[in-house]
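Engineer: Would you mind keeping the following structure in view while I ask a few things?
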Amino acid sequence: MAKINAVAGELFYGRVLTPAGIIEQGVIAVSEGLIQYAGEAAWLPAACEGWQCAAREAEALFIPGFVDVHVHGGAGHDFMYSDADALDTITRFHASQGTTSMLATTMTASKADIDRVLAEVDAYRSREDGMPYARLEGVHLEGPFISQRWPGAQNPEHIVPANIEWLEEWEARYPGMIRQVTLAPEREGALEAVRWLRKRGITAALGHTDATFEEVIAAADAGLNQAVHQFNAMTPLHHRKPGTAGAVMYEPRIRAEIIADGIHVHPAAISIVARLKNEGNLLLITDAMSATGLSDGEYAIGDLPVIVKDGIATLKEHPEALAGSTLTMINGFRYLVRTVGLSLLEASQAASLTPAHSLGMERFIGSLEAGKRGDILQLDRDLNLHAIWIGGRKLD
């Protein structure tokens with residue numbers, strides 16, 4: 001066991017979900033924002049005894065904070081049009097729903113608009129007073145290197161082939177900022193872009209794509225390692241033409257994102273994917289847009305108008321096209337457990353540890369283990385969210 005931090009911290013007593021399963025009589029010890037111990041209460045290290053009790057409830061379930069790698073906004077704001085106040089609002093809202101780390105996800109837009117998002121997120125991450133709510137770990141570029149045939153809620157006017165020069169410029173200006181890029185692997189220059197991304201440890205994801213099964217496998221050979229919102233905006237599964245959807249389920253090198261809201265994907269389809277992606281390669285995402293957390297009405301995703309009715313977001317001019325979601329991570333987590341039938345451990349892995357791996361941050365977040373950040377959620381037996389700690393600090 002690593003040496004315990006000499007600075008006194010706080011203790012969380014209850015049921016603790018660890019990568020090995022639930023410890024019924026467990027405890028988490030957190031000091032200076034880091035987990036010092038997570039395990040059986042009976043084995044609490046002597047150095048932690050006498051620390052202040054932050055929570056003690058036998059029925060409480062402590063799980064790791066959620067990590068959302070695909071989220072466009074919330075509480076009335078969109079990452080495409082955000083300043084520091086808007087970023088505070090978005091990250092505060094999603095933190096209240098259990099998200100402790102997230103990626104600011106862009107839309108298919110002009111280079112100038114993407115430049116602006118990167119600059120805003122970089123300034124926000126560099127604030128002297130830090131990030132007070134869910135941490136923006138970087139940016140996910142969803143487009144503009146996608147297929148004209150599968151734009152979904154992306155503006156087709158801004159779709160362009162993969163551009164290595166743009167990627168190089170962004171990486172040079174904001175090193176490490178871009179964590180994920182979604183592209184259509186069948187398009188000109190895409191495989192070169194995939195190789196470029198993976199060489200730098202950036203997740204290369206397929207999405208909004210017309211790729212065949214064979215083209216997806218070729219992209220996986222080049223390093224492609226993720227698929228955004230599985231089944232949505234991609235060639236479907238057919239028994240003679242497995243398409244993109246079939247290739248993602250077949251290929252173990254590709255992680256699959258899933259929107260578990262009962263709208264984007266049928267629960268039986270999620271269950272099938274979960275059975276195939278059962279080795280740490282299923283990710284829960286929200287794909288949340290600006291209306292998340294608000295009532296039905298008219299909104300926008302990027303520069304496209306959206307109608308939200310009964311919580312379902314669709315493009316105003318093309319109502320057959322879903323426009324992101326109004327899902328939150330806690331609701332998606334509950335859906336995976338209650339409706340799809342995943343275990344608490346399986347759902348937690350999809351909501352926290354696997355996305356942490358996607359970010360290359362599994363050493364720091366994603367599970368309740370010594371040495372990781374004190375991102376902790378307290379749930380009750382019905383999976384209601386009662387308290388959130390980010391870096392050991394309780395969210396008001």
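The way I read the labels, and the way they are meant: chains A, B, ... in the order of the structure tokens, residue 1 as the first residue of every chain, and ligand 1 as the first ligand shown, with later ones counted on from there.
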Could you pull out the strand (DSSP E) residues of segment 38-93 of chain A from DSSP and send them as number ranges by chain?

Structural biologist: A: 38-40, 52-64, 66-71, 73-74, 77-78

Engineer: Go through segment 138-243 of chain A and flag each residue having an atom no more than 12 Å from segment 305-308 of chain A; for those, report the closest pair of atoms plus their distance in Å to one decimal, using only C-alpha atoms, ordered by chain and rising number, as a tab-separated table.

Structural biologist:
residue	atom	partner	partner_atom	distance
A:Ala153	CA	A:Val306	CA	9.1
A:Gln154	CA	A:Pro305	CA	11.0
A:Asn155	CA	A:Pro305	CA	10.6

Engineer: With a distance cut-off of 12 Å and only C-alpha atoms, select the neighbouring residues of Arg195 of chain A, excluding the residue or stretch itself and same-chain residues fewer than 2 positions from it, and output the selection as an MDAnalysis selection string.

Structural biologist: chainID A and resid 162 164 181 185 189:193 197:205 218:225

Engineer: As a ChimeraX atom specification, please: every residue in segment 132-312 of chain A that DSSP puts in helix (DSSP H, G or I).

Structural biologist: /A:156-158,164-173,190-199,213-222,243-250,267-276

Engineer: Please identify all polymer residues within 12 Å of Ala347 of chain A, counting only C-alpha atoms, omitting same-chain residues fewer than 4 positions from it, and present them as a ChimeraX atom specification.

Structural biologist: /A:17,19,21,63-64,66,258,260,270-271,274,278,280-285,329-343,351-355,383

Engineer: Keeping N, CA and C atoms, export the residues of the selection given above as an mmCIF file, in the first residue's frame.

Structural biologist:
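What ended up in again33.cif:
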data_model
loop_
_atom_site.group_PDB
_atom_site.id
_atom_site.type_symbol
_atom_site.label_atom_id
_atom_site.label_comp_id
_atom_site.auth_asym_id
_atom_site.auth_seq_id
_atom_site.Cartn_x
_atom_site.Cartn_y
_atom_site.Cartn_z
ATOM 1 N N LEU A 17 -18.301 0.993 -4.024
ATOM 2 C CA LEU A 17 -18.140 0.265 -5.277
ATOM 3 C C LEU A 17 -16.702 0.436 -5.771
ATOM 4 N N PRO A 19 -13.393 -1.455 -8.241
ATOM 5 C CA PRO A 19 -13.282 -2.272 -9.450
ATOM 6 C C PRO A 19 -13.460 -3.764 -9.203
ATOM 7 N N GLY A 21 -15.790 -4.907 -7.054
ATOM 8 C CA GLY A 21 -17.168 -5.119 -6.637
ATOM 9 C C GLY A 21 -17.534 -4.236 -5.461
ATOM 10 N N ILE A 63 -19.988 5.601 -5.374
ATOM 11 C CA ILE A 63 -19.466 5.186 -6.671
ATOM 12 C C ILE A 63 -18.588 6.307 -7.219
ATOM 13 N N PRO A 64 -17.747 6.010 -8.206
ATOM 14 C CA PRO A 64 -16.909 7.085 -8.772
ATOM 15 C C PRO A 64 -17.726 8.079 -9.575
ATOM 16 N N PHE A 66 -18.998 10.410 -12.583
ATOM 17 C CA PHE A 66 -19.176 10.068 -13.986
ATOM 18 C C PHE A 66 -18.237 10.890 -14.877
ATOM 19 N N ILE A 258 -22.685 4.824 -26.097
ATOM 20 C CA ILE A 258 -24.117 4.551 -26.150
ATOM 21 C C ILE A 258 -24.881 5.650 -25.423
ATOM 22 N N ALA A 260 -28.017 6.089 -23.462
ATOM 23 C CA ALA A 260 -28.989 5.224 -22.781
ATOM 24 C C ALA A 260 -30.151 6.055 -22.261
ATOM 25 N N ILE A 270 -29.088 -2.058 -26.733
ATOM 26 C CA ILE A 270 -28.020 -1.723 -25.779
ATOM 27 C C ILE A 270 -27.513 -2.986 -25.103
ATOM 28 N N SER A 271 -28.432 -3.880 -24.727
ATOM 29 C CA SER A 271 -28.038 -5.127 -24.064
ATOM 30 C C SER A 271 -27.141 -5.969 -24.961
ATOM 31 N N ALA A 274 -23.767 -4.360 -25.031
ATOM 32 C CA ALA A 274 -23.101 -4.533 -23.739
ATOM 33 C C ALA A 274 -22.527 -5.940 -23.590
ATOM 34 N N ASN A 278 -17.919 -6.217 -23.497
ATOM 35 C CA ASN A 278 -17.907 -6.553 -22.071
ATOM 36 C C ASN A 278 -16.513 -6.601 -21.468
ATOM 37 N N GLY A 280 -14.492 -3.717 -20.980
ATOM 38 C CA GLY A 280 -14.073 -2.332 -20.804
ATOM 39 C C GLY A 280 -14.105 -1.517 -22.068
ATOM 40 N N ASN A 281 -15.042 -1.798 -22.975
ATOM 41 C CA ASN A 281 -15.109 -0.992 -24.198
ATOM 42 C C ASN A 281 -16.528 -0.537 -24.528
ATOM 43 N N LEU A 282 -17.334 -0.292 -23.484
ATOM 44 C CA LEU A 282 -18.635 0.346 -23.629
ATOM 45 C C LEU A 282 -18.638 1.637 -22.821
ATOM 46 N N LEU A 283 -19.044 2.749 -23.450
ATOM 47 C CA LEU A 283 -19.061 4.046 -22.776
ATOM 48 C C LEU A 283 -20.472 4.606 -22.752
ATOM 49 N N LEU A 284 -20.923 5.009 -21.588
ATOM 50 C CA LEU A 284 -22.154 5.780 -21.484
ATOM 51 C C LEU A 284 -21.838 7.236 -21.793
ATOM 52 N N ILE A 285 -22.628 7.838 -22.683
ATOM 53 C CA ILE A 285 -22.500 9.271 -22.965
ATOM 54 C C ILE A 285 -23.892 9.899 -22.871
ATOM 55 N N MET A 329 -26.077 12.071 -16.974
ATOM 56 C CA MET A 329 -25.347 10.834 -16.690
ATOM 57 C C MET A 329 -26.030 10.000 -15.603
ATOM 58 N N ILE A 330 -26.583 10.631 -14.572
ATOM 59 C CA ILE A 330 -27.228 9.845 -13.526
ATOM 60 C C ILE A 330 -28.447 9.118 -14.085
ATOM 61 N N ASN A 331 -29.198 9.763 -14.967
ATOM 62 C CA ASN A 331 -30.346 9.090 -15.561
ATOM 63 C C ASN A 331 -29.923 7.971 -16.503
ATOM 64 N N GLY A 332 -28.847 8.199 -17.243
ATOM 65 C CA GLY A 332 -28.325 7.144 -18.104
ATOM 66 C C GLY A 332 -27.807 5.961 -17.300
ATOM 67 N N PHE A 333 -27.134 6.249 -16.190
ATOM 68 C CA PHE A 333 -26.635 5.196 -15.309
ATOM 69 C C PHE A 333 -27.789 4.360 -14.777
ATOM 70 N N ARG A 334 -28.847 5.034 -14.299
ATOM 71 C CA ARG A 334 -30.007 4.303 -13.789
ATOM 72 C C ARG A 334 -30.663 3.471 -14.885
ATOM 73 N N TYR A 335 -30.722 4.012 -16.102
ATOM 74 C CA TYR A 335 -31.334 3.280 -17.218
ATOM 75 C C TYR A 335 -30.552 1.999 -17.524
ATOM 76 N N LEU A 336 -29.230 2.088 -17.496
ATOM 77 C CA LEU A 336 -28.414 0.899 -17.752
ATOM 78 C C LEU A 336 -28.684 -0.178 -16.721
ATOM 79 N N VAL A 337 -28.887 0.218 -15.477
ATOM 80 C CA VAL A 337 -29.111 -0.755 -14.406
ATOM 81 C C VAL A 337 -30.555 -1.256 -14.405
ATOM 82 N N ARG A 338 -31.499 -0.346 -14.390
ATOM 83 C CA ARG A 338 -32.911 -0.714 -14.201
ATOM 84 C C ARG A 338 -33.557 -1.301 -15.455
ATOM 85 N N THR A 339 -33.259 -0.717 -16.615
ATOM 86 C CA THR A 339 -33.952 -1.118 -17.840
ATOM 87 C C THR A 339 -33.146 -2.103 -18.673
ATOM 88 N N VAL A 340 -31.856 -1.844 -18.816
ATOM 89 C CA VAL A 340 -31.024 -2.730 -19.637
ATOM 90 C C VAL A 340 -30.604 -3.965 -18.849
ATOM 91 N N GLY A 341 -30.445 -3.819 -17.528
ATOM 92 C CA GLY A 341 -30.106 -4.964 -16.705
ATOM 93 C C GLY A 341 -28.633 -5.136 -16.403
ATOM 94 N N LEU A 342 -27.825 -4.089 -16.617
ATOM 95 C CA LEU A 342 -26.418 -4.183 -16.251
ATOM 96 C C LEU A 342 -26.276 -4.179 -14.738
ATOM 97 N N SER A 343 -25.213 -4.788 -14.255
ATOM 98 C CA SER A 343 -24.905 -4.723 -12.830
ATOM 99 C C SER A 343 -24.405 -3.330 -12.491
ATOM 100 N N ALA A 351 -19.842 4.212 -17.256
ATOM 101 C CA ALA A 351 -20.056 5.630 -16.980
ATOM 102 C C ALA A 351 -18.825 6.344 -16.453
ATOM 103 N N SER A 352 -17.825 5.587 -15.992
ATOM 104 C CA SER A 352 -16.688 6.232 -15.336
ATOM 105 C C SER A 352 -15.342 5.702 -15.811
ATOM 106 N N LEU A 353 -15.079 4.414 -15.614
ATOM 107 C CA LEU A 353 -13.724 3.912 -15.857
ATOM 108 C C LEU A 353 -13.386 3.813 -17.341
ATOM 109 N N THR A 354 -14.300 3.286 -18.160
ATOM 110 C CA THR A 354 -13.992 3.179 -19.592
ATOM 111 C C THR A 354 -13.812 4.549 -20.242
ATOM 112 N N PRO A 355 -14.691 5.536 -19.967
ATOM 113 C CA PRO A 355 -14.398 6.866 -20.523
ATOM 114 C C PRO A 355 -13.104 7.467 -19.996
ATOM 115 N N LEU A 383 -30.856 4.362 -6.182
ATOM 116 C CA LEU A 383 -29.936 5.032 -7.108
ATOM 117 C C LEU A 383 -30.261 6.507 -7.293
#

Engineer: Taking into account only C-alpha atoms, which residue in the set A:Leu61, A:Ile390, A:Ile272, A:Ile365 is nearest to Ala134 of chain A?

Structural biologist: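 The answer is A:Ile390, which sits nearest to Ala134 of chain A.
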
Engineer: I'd like a table as a tab-separated table: residues in segment 186-287 of chain A with an atom no more than 12 Å from segment 107-123 of chain A, each row giving the shortest atom pair and its distance in Å to one decimal, only C-alpha atoms counted, sorted by chain and rising residue number.

Structural biologist:
residue	atom	partner	partner_atom	distance
A:Gly207	CA	A:Thr108	CA	11.7
A:His208	CA	A:Thr108	CA	10.5
A:Asp287	CA	A:Met107	CA	11.1

Engineer: Restricting the calculation to only C-alpha atoms, which member of A:His77, A:Glu165, A:Ala211, A:Val71 is positioned closest to Val139 of chain A?

Structural biologist: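 Between A:His77, A:Glu165, A:Ala211, A:Val71, the residue approaching Val139 of chain A most closely is A:Val71.
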
Engineer: What does the distance from atom CA of Arg173 of chain A to atom CA of Gly138 of chain A come to in Å, to one decimal?

Structural biologist: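 For atom CA of Arg173 of chain A relative to atom CA of Gly138 of chain A, the distance reads 13.5 Å.
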
Engineer: If we count only C-alpha atoms and set the cut-off at 9 Å, which residues sit around Ala42 of chain A, ignoring sequence neighbours fewer than 5 positions away in its own chain? Please answer as a compact mmCIF listing (two decimals) with all heavy atoms, in the first residue's frame.

Structural biologist:
# COMPACT_ATOMS: atom_id res chain seq x y z
N GLN A 25 -19.35 -3.07 3.90
CA GLN A 25 -18.93 -2.26 5.05
C GLN A 25 -17.59 -1.63 4.70
O GLN A 25 -16.54 -2.06 5.14
CB GLN A 25 -18.85 -3.11 6.32
CG GLN A 25 -20.21 -3.66 6.73
CD GLN A 25 -20.14 -4.49 8.00
OE1 GLN A 25 -19.14 -5.11 8.32
NE2 GLN A 25 -21.24 -4.48 8.74
N GLY A 26 -17.68 -0.59 3.86
CA GLY A 26 -16.48 0.00 3.32
C GLY A 26 -16.23 1.41 3.82
O GLY A 26 -17.04 2.00 4.53
N VAL A 27 -15.10 1.92 3.42
CA VAL A 27 -14.75 3.29 3.77
C VAL A 27 -13.82 3.84 2.70
O VAL A 27 -13.03 3.10 2.10
CB VAL A 27 -14.08 3.37 5.16
CG1 VAL A 27 -12.75 2.61 5.17
CG2 VAL A 27 -13.87 4.82 5.58

Engineer: So which residues touch Tyr299 of chain A within 12 Å, counting only C-alpha atoms, skipping near sequence neighbours fewer than 2 positions away, as a PyMOL selection string?

Structural biologist: chain A and resi 73-78+289-292+294-297+301-309+312-316+323-326

Engineer: Do you have the atom CA of Phe12 of chain A-atom CA of Ile376 of chain A distance handy?

Structural biologist: 9.5 Å

Engineer: Please provide as an mmCIF file with N, CA, C and O atoms, in the first residue's frame all residues within 8 Å of Phe213 of chain A, with the sequence filter that same-chain residues fewer than 6 positions apart are discarded (counting only C-alpha atoms).

Structural biologist:
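Saved as selection-v4.cif:
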data_model
loop_
_atom_site.group_PDB
_atom_site.id
_atom_site.type_symbol
_atom_site.label_atom_id
_atom_site.label_comp_id
_atom_site.auth_asym_id
_atom_site.auth_seq_id
_atom_site.Cartn_x
_atom_site.Cartn_y
_atom_site.Cartn_z
ATOM 1 N N LYS A 241 -24.664 -7.224 -45.162
ATOM 2 C CA LYS A 241 -23.817 -6.028 -45.136
ATOM 3 C C LYS A 241 -23.789 -5.505 -43.700
ATOM 4 O O LYS A 241 -24.628 -4.683 -43.318
ATOM 5 N N PRO A 242 -22.824 -5.972 -42.900
ATOM 6 C CA PRO A 242 -22.811 -5.599 -41.470
ATOM 7 C C PRO A 242 -22.671 -4.107 -41.224
ATOM 8 O O PRO A 242 -23.060 -3.622 -40.163
ATOM 9 N N GLY A 243 -22.146 -3.365 -42.204
ATOM 10 C CA GLY A 243 -22.066 -1.921 -42.081
ATOM 11 C C GLY A 243 -21.211 -1.439 -40.930
ATOM 12 O O GLY A 243 -20.475 -2.201 -40.284
ATOM 13 N N THR A 244 -21.317 -0.139 -40.656
ATOM 14 C CA THR A 244 -20.558 0.438 -39.551
ATOM 15 C C THR A 244 -21.009 -0.140 -38.221
ATOM 16 O O THR A 244 -20.182 -0.520 -37.381
ATOM 17 N N GLY A 246 -22.385 -2.975 -37.466
ATOM 18 C CA GLY A 246 -21.920 -4.346 -37.292
ATOM 19 C C GLY A 246 -20.428 -4.421 -37.043
ATOM 20 O O GLY A 246 -19.957 -5.217 -36.220
ATOM 21 N N ALA A 247 -19.660 -3.573 -37.743
ATOM 22 C CA ALA A 247 -18.204 -3.579 -37.565
ATOM 23 C C ALA A 247 -17.816 -3.160 -36.156
ATOM 24 O O ALA A 247 -16.892 -3.730 -35.559
#

Engineer: Give me, please, the distance in Å between atom CA of Ala55 of chain A and atom CA of Val69 of chain A, quoted to one decimal.

Structural biologist: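 Interatomic distance, atom CA of Ala55 of chain A to atom CA of Val69 of chain A: 28.9 Å.
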
Engineer: Choose the residue, out of A:Ile23, A:Gly130, A:Cys48, A:Thr286, that has the smallest atom-to-atom separation from Ile35 of chain A; count only C-alpha atoms.

Structural biologist: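 Ranking A:Ile23, A:Gly130, A:Cys48, A:Thr286 by distance to Ile35 of chain A, first place goes to A:Cys48.
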